[in-house]
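**Student:** Structure file entry01.pdb (PDB, C-alpha atoms) right here:
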ATOM      1  CA  MET A   1     -67.141  51.280 -51.791
ATOM      2  CA  ARG A   2     -68.005  52.930 -48.494
ATOM      3  CA  GLN A   3     -65.159  53.811 -46.180
ATOM      4  CA  PRO A   4     -65.621  52.094 -42.798
ATOM      5  CA  ILE A   5     -65.201  54.563 -39.931
ATOM      6  CA  THR A   6     -65.577  54.598 -36.172
ATOM      7  CA  GLU A   7     -65.712  57.453 -33.701
ATOM      8  CA  LYS A   8     -62.047  56.814 -32.898
ATOM      9  CA  ASP A   9     -61.197  58.014 -36.427
ATOM     10  CA  ASN A  10     -62.498  61.505 -35.517
ATOM     11  CA  VAL A  11     -63.612  62.078 -39.124
ATOM     12  CA  TYR A  12     -66.739  63.777 -37.846
ATOM     13  CA  GLU A  13     -64.759  66.740 -36.445
ATOM     14  CA  GLU A  14     -64.073  67.847 -40.025
ATOM     15  CA  TRP A  15     -67.784  67.531 -40.868
ATOM     16  CA  TYR A  16     -68.713  70.061 -38.201
ATOM     17  CA  GLU A  17     -66.060  72.489 -39.473
ATOM     18  CA  THR A  18     -67.290  72.063 -43.060
ATOM     19  CA  ALA A  19     -70.876  72.599 -41.898
ATOM     20  CA  LYS A  20     -70.109  76.122 -40.637
ATOM     21  CA  ASN A  21     -69.353  77.361 -44.170
ATOM     22  CA  MET A  22     -72.102  75.448 -45.972
ATOM     23  CA  THR A  23     -74.106  77.044 -48.788
ATOM     24  CA  LEU A  24     -77.341  75.881 -50.373
ATOM     25  CA  ALA A  25     -75.436  74.978 -53.539
ATOM     26  CA  GLU A  26     -72.974  72.738 -51.659
ATOM     27  CA  LEU A  27     -75.507  71.214 -49.272
ATOM     28  CA  PRO A  28     -76.883  68.327 -51.395
ATOM     29  CA  GLU A  29     -73.396  66.978 -52.102
ATOM     30  CA  PHE A  30     -72.394  67.297 -48.450
ATOM     31  CA  LEU A  31     -75.491  65.386 -47.331
ATOM     32  CA  ARG A  32     -74.884  62.716 -49.976
ATOM     33  CA  HIS A  33     -71.271  62.434 -48.819
ATOM     34  CA  LEU A  34     -72.332  61.923 -45.203
ATOM     35  CA  ALA A  35     -74.976  59.358 -46.113
ATOM     36  CA  GLU A  36     -73.261  57.377 -48.851
ATOM     37  CA  ASP A  37     -69.460  57.611 -48.649
ATOM     38  CA  TYR A  38     -69.021  56.003 -45.223
ATOM     39  CA  LYS A  39     -69.907  52.758 -43.539
ATOM     40  CA  HIS A  40     -71.065  54.222 -40.231
ATOM     41  CA  ASP A  41     -70.995  52.676 -36.794
ATOM     42  CA  TYR A  42     -73.490  53.385 -34.023
ATOM     43  CA  GLY A  43     -71.803  56.667 -33.091
ATOM     44  CA  THR A  44     -70.681  58.033 -36.455
ATOM     45  CA  ILE A  45     -74.181  57.858 -37.921
ATOM     46  CA  CYS A  46     -75.273  60.178 -35.097
ATOM     47  CA  HIS A  47     -72.503  62.628 -36.008
ATOM     48  CA  ALA A  48     -73.514  62.378 -39.682
ATOM     49  CA  HIS A  49     -77.100  63.299 -38.792
ATOM     50  CA  ALA A  50     -75.999  66.156 -36.549
ATOM     51  CA  ALA A  51     -73.474  67.532 -39.052
ATOM     52  CA  GLY A  52     -76.098  67.354 -41.811
ATOM     53  CA  ALA A  53     -78.640  69.235 -39.712
ATOM     54  CA  ILE A  54     -76.081  71.850 -38.666
ATOM     55  CA  ALA A  55     -74.910  72.253 -42.277
ATOM     56  CA  THR A  56     -78.512  72.789 -43.351
ATOM     57  CA  ALA A  57     -78.994  75.485 -40.713
ATOM     58  CA  TRP A  58     -75.786  77.243 -41.769
ATOM     59  CA  ALA A  59     -76.684  76.987 -45.473
ATOM     60  CA  ILE A  60     -80.025  78.684 -44.860
ATOM     61  CA  ASN A  61     -78.332  81.240 -42.626
ATOM     62  CA  HIS A  62     -75.908  82.092 -45.442
ATOM     63  CA  THR A  63     -78.785  83.164 -47.736
ATOM     64  CA  GLU A  64     -80.020  86.745 -48.007
ATOM     65  CA  GLN A  65     -82.742  85.961 -45.442
ATOM     66  CA  GLY A  66     -80.227  84.518 -42.993
ATOM     67  CA  GLY A  67     -78.339  86.259 -40.251
ATOM     68  CA  ILE A  68     -80.325  84.824 -37.381
ATOM     69  CA  THR A  69     -79.656  85.967 -33.846
ATOM     70  CA  GLY A  70     -78.547  83.833 -30.931
ATOM     71  CA  PHE A  71     -82.120  83.936 -29.624
ATOM     72  CA  GLN A  72     -83.427  82.633 -32.957
ATOM     73  CA  ALA A  73     -80.763  79.894 -32.959
ATOM     74  CA  GLY A  74     -82.075  78.834 -29.557
ATOM     75  CA  SER A  75     -85.609  78.731 -30.947
ATOM     76  CA  ILE A  76     -84.416  76.508 -33.791
ATOM     77  CA  MET A  77     -82.772  74.174 -31.280
ATOM     78  CA  TRP A  78     -86.033  73.859 -29.316
ATOM     79  CA  GLU A  79     -87.998  73.148 -32.505
ATOM     80  CA  PHE A  80     -85.503  70.416 -33.325
ATOM     81  CA  VAL A  81     -85.815  68.921 -29.845
ATOM     82  CA  THR A  82     -89.610  69.066 -30.057
ATOM     83  CA  HIS A  83     -89.994  67.702 -33.587
ATOM     84  CA  TRP A  84     -87.034  65.310 -33.929
ATOM     85  CA  ILE A  85     -86.694  63.897 -30.425
ATOM     86  CA  ARG A  86     -90.428  64.432 -29.813
ATOM     87  CA  ILE A  87     -90.046  65.819 -26.312
ATOM     88  CA  LYS A  88     -93.026  67.999 -25.489
ATOM     89  CA  PRO A  89     -92.731  71.343 -23.702
ATOM     90  CA  PRO A  90     -92.324  72.533 -21.035
ATOM     91  CA  LEU A  91     -88.607  72.017 -21.393
ATOM     92  CA  ALA A  92     -85.521  73.596 -19.962
ATOM     93  CA  LEU A  93     -81.871  73.592 -20.843
ATOM     94  CA  LEU A  94     -79.849  73.707 -17.675
ATOM     95  CA  GLU A  95     -76.245  74.797 -17.931
ATOM     96  CA  TYR A  96     -74.597  73.370 -14.853
ATOM     97  CA  ARG A  97     -71.652  75.761 -15.199
ATOM     98  CA  ASP A  98     -74.072  78.435 -14.006
ATOM     99  CA  MET A  99     -73.803  76.818 -10.561
ATOM    100  CA  LEU A 100     -70.438  78.554 -10.346
ATOM    101  CA  TYR A 101     -72.232  81.915 -10.011
ATOM    102  CA  PRO A 102     -74.408  82.729  -6.989
ATOM    103  CA  GLN A 103     -76.922  84.816  -8.951
ATOM    104  CA  TYR A 104     -78.172  81.629 -10.664
ATOM    105  CA  GLU A 105     -79.127  79.773  -7.469
ATOM    106  CA  GLU A 106     -82.868  79.811  -8.230
ATOM    107  CA  ARG A 107     -82.326  77.907 -11.478
ATOM    108  CA  PHE A 108     -81.493  74.847  -9.438
ATOM    109  CA  THR A 109     -84.268  74.971  -6.854
ATOM    110  CA  THR A 110     -87.388  76.222  -8.649
ATOM    111  CA  ILE A 111     -89.812  75.455 -11.446
ATOM    112  CA  SER A 112     -91.724  78.188 -13.267
ATOM    113  CA  ARG A 113     -95.435  78.501 -12.501
ATOM    114  CA  SER A 114     -96.374  77.921 -16.154
ATOM    115  CA  ALA A 115     -94.315  74.713 -16.329
ATOM    116  CA  TRP A 116     -95.751  73.560 -12.985
ATOM    117  CA  ASN A 117     -99.324  74.157 -14.200
ATOM    118  CA  ILE A 118     -98.659  72.080 -17.321
ATOM    119  CA  LEU A 119     -97.139  69.256 -15.273
ATOM    120  CA  GLN A 120    -100.108  69.241 -12.892
ATOM    121  CA  SER A 121    -102.556  69.053 -15.816
ATOM    122  CA  GLU A 122    -100.614  66.243 -17.456
ATOM    123  CA  ALA A 123    -100.428  64.307 -14.183
ATOM    124  CA  LYS A 124    -104.223  64.551 -13.846
ATOM    125  CA  GLU A 125    -104.739  63.398 -17.454
ATOM    126  CA  LYS A 126    -102.349  60.462 -17.079
ATOM    127  CA  LEU A 127    -103.972  59.371 -13.810
ATOM    128  CA  GLU A 128    -107.332  59.207 -15.591
ATOM    129  CA  SER A 129    -106.141  57.432 -18.737
ATOM    130  CA  GLU A 130    -103.028  55.345 -18.094
ATOM    131  CA  GLU A 131    -101.974  52.355 -16.070
ATOM    132  CA  MET A 132     -98.766  52.819 -14.105
ATOM    133  CA  SER A 133     -96.750  51.346 -11.291
ATOM    134  CA  PRO A 134     -97.914  52.149  -7.748
ATOM    135  CA  ASP A 135     -94.845  54.338  -7.121
ATOM    136  CA  VAL A 136     -95.440  56.375 -10.281
ATOM    137  CA  GLU A 137     -99.154  56.645  -9.508
ATOM    138  CA  GLN A 138     -98.453  57.925  -5.980
ATOM    139  CA  HIS A 139     -95.926  60.452  -7.331
ATOM    140  CA  MET A 140     -98.337  61.708 -10.006
ATOM    141  CA  ARG A 141    -101.202  61.884  -7.520
ATOM    142  CA  GLN A 142     -99.092  64.126  -5.293
ATOM    143  CA  ILE A 143     -98.281  66.374  -8.257
ATOM    144  CA  ALA A 144    -101.953  66.498  -9.267
ATOM    145  CA  ASP A 145    -102.769  67.458  -5.662
ATOM    146  CA  GLY A 146    -100.269  70.336  -5.775
ATOM    147  CA  VAL A 147     -97.246  68.817  -4.040
ATOM    148  CA  VAL A 148     -94.114  70.043  -5.828
ATOM    149  CA  PRO A 149     -91.613  67.145  -6.033
ATOM    150  CA  PHE A 150     -87.893  66.897  -5.320
ATOM    151  CA  GLY A 151     -87.773  69.776  -2.855
ATOM    152  CA  TYR A 152     -88.376  72.333  -5.602
ATOM    153  CA  SER A 153     -90.538  75.416  -5.148
ATOM    154  CA  VAL A 154     -92.700  77.194  -7.713
ATOM    155  CA  ARG A 155     -91.633  80.658  -8.847
ATOM    156  CA  ASP A 156     -93.736  83.163 -10.741
ATOM    157  CA  ASP A 157     -92.905  83.519 -14.431
TER     158      ASP A 157
END
What would the structure in this file look like if it were written as structure tokens?
**Tutor:**
Amino acid sequence: MRQPITEKDNVYEEWYETAKNMTLAELPEFLRHLAEDYKHDYGTICHAHAAGAIATAWAINHTEQGGITGFQAGSIMWEFVTHWIRIKPPLALLEYRDMLYPQYEERFTTISRSAWNILQSEAKEKLESEEMSPDVEQHMRQIADGVVPFGYSVRDD
């Protein structure tokens, strides 16, 4: 019988700790445990998915070909965002704590030229092929015409 759990039970905190030490040999049982031993609620099933994915990453990292760098871990995160959530690049991860430091000011006022070029192209494509509300159409038309929205400015890559 599956154990009913909710987020208030905090069972998932242990899953994330277990995930850090996962090996390929232990992984199938851990995934089975997450999927079959609990009656999940709306939130705990999300933690089960996340803990399973993190455990898989750690298990692969603990093989002889593992030992990925922080940069590679970031690349893995972006692949997950792109292929699981299906959010297409250009993307950015904005760490608002960086607002505490003056050297990061441009992160909050600019968009890279490459990202801007992609957004302009997509706005043009959508204007030609999609129906949209008048407000969205006006906004996209301005982008297609080169008007950078929200008070941002374009910076060179």
**Student:** For a quick check of understanding, using all atoms listed in the file, which of A:Leu91, A:Thr6, A:Asn21, A:Arg86 has the smallest distance to Cys46 of chain A?
**Tutor:** A:Thr6
**Student:** Could you tell me which of A:His139, A:Lys8, A:Arg155, A:Lys20 comes closest to Ala59 of chain A if we count all atoms listed in the file?
**Tutor:**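 With all atoms listed in the file as the atom set, the closest residue is A:Lys20.
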**Student:** Taking every listed atom of segment 43-56 of chain A and adding 8 Å to each side, what centre and edge lengths in Å (one decimal) does the axis-aligned box have, as JSON?
**Tutor:**
{"center_x": -74.7, "center_y": 64.7, "center_z": -38.2, "size_x": 24.0, "size_y": 32.1, "size_z": 26.3}
**Student:** Take the PyMOL selection byres ((chain A and resi 11) around 12), apply it to the structure above, and return the hits as a list in words.
**Tutor:**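 On the file shown, the PyMOL selection byres ((chain A and resi 11) around 12) covers Gln3, Pro4, Ile5, Thr6, Glu7, Lys8, Asp9, Asn10, Tyr12, Glu13, Glu14, Trp15, Tyr16, Glu17, Thr18, Leu34, Tyr38, His40, Gly43, Thr44, Ile45, His47, Ala48 and Ala51 of chain A.
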**Student:** Could you list, as a list in words, every residue within 9 Å of segment 60-76 of chain A, counting all atoms listed in the file and ignoring same-chain residues fewer than 5 positions away?
**Tutor:**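 Listing them by chain and then by number gives Asn21, Met22, Thr23, Leu24, Ala55 and Val81 of chain A.
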**Student:** What is the atom CA of Leu119 of chain A-atom CA of Arg107 of chain A distance in Å, reported with one decimal?
**Tutor:** 17.6 Å
**Student:** I want to know what sits within 8 Å of segment 110-115 of chain A, based on all atoms listed in the file, with residues of the same chain fewer than 4 positions away left out; could you give that as a list in words?
**Tutor:**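 Those residues are Pro90, Glu106, Leu119, Tyr152, Ser153, Val154, Arg155, Asp156 and Asp157 of chain A.
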**Student:** State, in Å with one decimal place, the distance from atom CA of Arg32 of chain A to atom CA of Glu79 of chain A.
**Tutor:**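 So the two atoms, atom CA of Arg32 of chain A and atom CA of Glu79 of chain A, lie 24.2 Å apart.
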**Student:** With distances taken over only C-alpha atoms, which residue among A:Val136, A:Ile54, A:Leu100, A:Ala144 lies nearest Leu27 of chain A?
**Tutor:**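 Nearest to Leu27 of chain A: A:Ile54.
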**Student:** Would you kindly place N, CA and C atoms on segment 73-89 of chain A and return the model as a PDB file, keeping the file's coordinate frame?
**Tutor:**
ATOM      1  N   ALA A  73     -81.456  81.189 -32.926  1.00  0.00           N
ATOM      2  CA  ALA A  73     -80.763  79.894 -32.959  1.00  0.00           C
ATOM      3  C   ALA A  73     -81.273  79.002 -31.832  1.00  0.00           C
ATOM      4  N   GLY A  74     -81.505  79.596 -30.663  1.00  0.00           N
ATOM      5  CA  GLY A  74     -82.075  78.834 -29.557  1.00  0.00           C
ATOM      6  C   GLY A  74     -83.468  78.332 -29.876  1.00  0.00           C
ATOM      7  N   SER A  75     -84.265  79.153 -30.543  1.00  0.00           N
ATOM      8  CA  SER A  75     -85.609  78.731 -30.947  1.00  0.00           C
ATOM      9  C   SER A  75     -85.545  77.559 -31.915  1.00  0.00           C
ATOM     10  N   ILE A  76     -84.599  77.613 -32.842  1.00  0.00           N
ATOM     11  CA  ILE A  76     -84.416  76.508 -33.791  1.00  0.00           C
ATOM     12  C   ILE A  76     -84.055  75.232 -33.043  1.00  0.00           C
ATOM     13  N   MET A  77     -83.169  75.341 -32.066  1.00  0.00           N
ATOM     14  CA  MET A  77     -82.772  74.174 -31.280  1.00  0.00           C
ATOM     15  C   MET A  77     -83.985  73.560 -30.594  1.00  0.00           C
ATOM     16  N   TRP A  78     -84.855  74.395 -30.003  1.00  0.00           N
ATOM     17  CA  TRP A  78     -86.033  73.859 -29.316  1.00  0.00           C
ATOM     18  C   TRP A  78     -86.999  73.215 -30.295  1.00  0.00           C
ATOM     19  N   GLU A  79     -87.142  73.779 -31.495  1.00  0.00           N
ATOM     20  CA  GLU A  79     -87.998  73.148 -32.505  1.00  0.00           C
ATOM     21  C   GLU A  79     -87.441  71.783 -32.890  1.00  0.00           C
ATOM     22  N   PHE A  80     -86.137  71.692 -32.998  1.00  0.00           N
ATOM     23  CA  PHE A  80     -85.503  70.416 -33.325  1.00  0.00           C
ATOM     24  C   PHE A  80     -85.744  69.403 -32.209  1.00  0.00           C
ATOM     25  N   VAL A  81     -85.571  69.816 -30.985  1.00  0.00           N
ATOM     26  CA  VAL A  81     -85.815  68.921 -29.845  1.00  0.00           C
ATOM     27  C   VAL A  81     -87.273  68.459 -29.847  1.00  0.00           C
ATOM     28  N   THR A  82     -88.191  69.391 -30.086  1.00  0.00           N
ATOM     29  CA  THR A  82     -89.610  69.066 -30.057  1.00  0.00           C
ATOM     30  C   THR A  82     -90.015  68.151 -31.212  1.00  0.00           C
ATOM     31  N   HIS A  83     -89.524  68.433 -32.411  1.00  0.00           N
ATOM     32  CA  HIS A  83     -89.994  67.702 -33.587  1.00  0.00           C
ATOM     33  C   HIS A  83     -89.148  66.497 -33.959  1.00  0.00           C
ATOM     34  N   TRP A  84     -87.885  66.465 -33.604  1.00  0.00           N
ATOM     35  CA  TRP A  84     -87.034  65.310 -33.929  1.00  0.00           C
ATOM     36  C   TRP A  84     -87.029  64.312 -32.781  1.00  0.00           C
ATOM     37  N   ILE A  85     -86.751  64.791 -31.580  1.00  0.00           N
ATOM     38  CA  ILE A  85     -86.694  63.897 -30.425  1.00  0.00           C
ATOM     39  C   ILE A  85     -88.100  63.641 -29.883  1.00  0.00           C
ATOM     40  N   ARG A  86     -89.029  64.527 -30.226  1.00  0.00           N
ATOM     41  CA  ARG A  86     -90.428  64.432 -29.813  1.00  0.00           C
ATOM     42  C   ARG A  86     -90.597  64.564 -28.302  1.00  0.00           C
ATOM     43  N   ILE A  87     -89.871  65.499 -27.725  1.00  0.00           N
ATOM     44  CA  ILE A  87     -90.046  65.819 -26.312  1.00  0.00           C
ATOM     45  C   ILE A  87     -90.939  67.050 -26.248  1.00  0.00           C
ATOM     46  N   LYS A  88     -92.056  66.915 -25.544  1.00  0.00           N
ATOM     47  CA  LYS A  88     -93.026  67.999 -25.489  1.00  0.00           C
ATOM     48  C   LYS A  88     -92.664  69.026 -24.415  1.00  0.00           C
ATOM     49  N   PRO A  89     -92.919  70.317 -24.714  1.00  0.00           N
ATOM     50  CA  PRO A  89     -92.731  71.343 -23.702  1.00  0.00           C
ATOM     51  C   PRO A  89     -93.682  71.111 -22.531  1.00  0.00           C
TER      52      PRO A  89
END
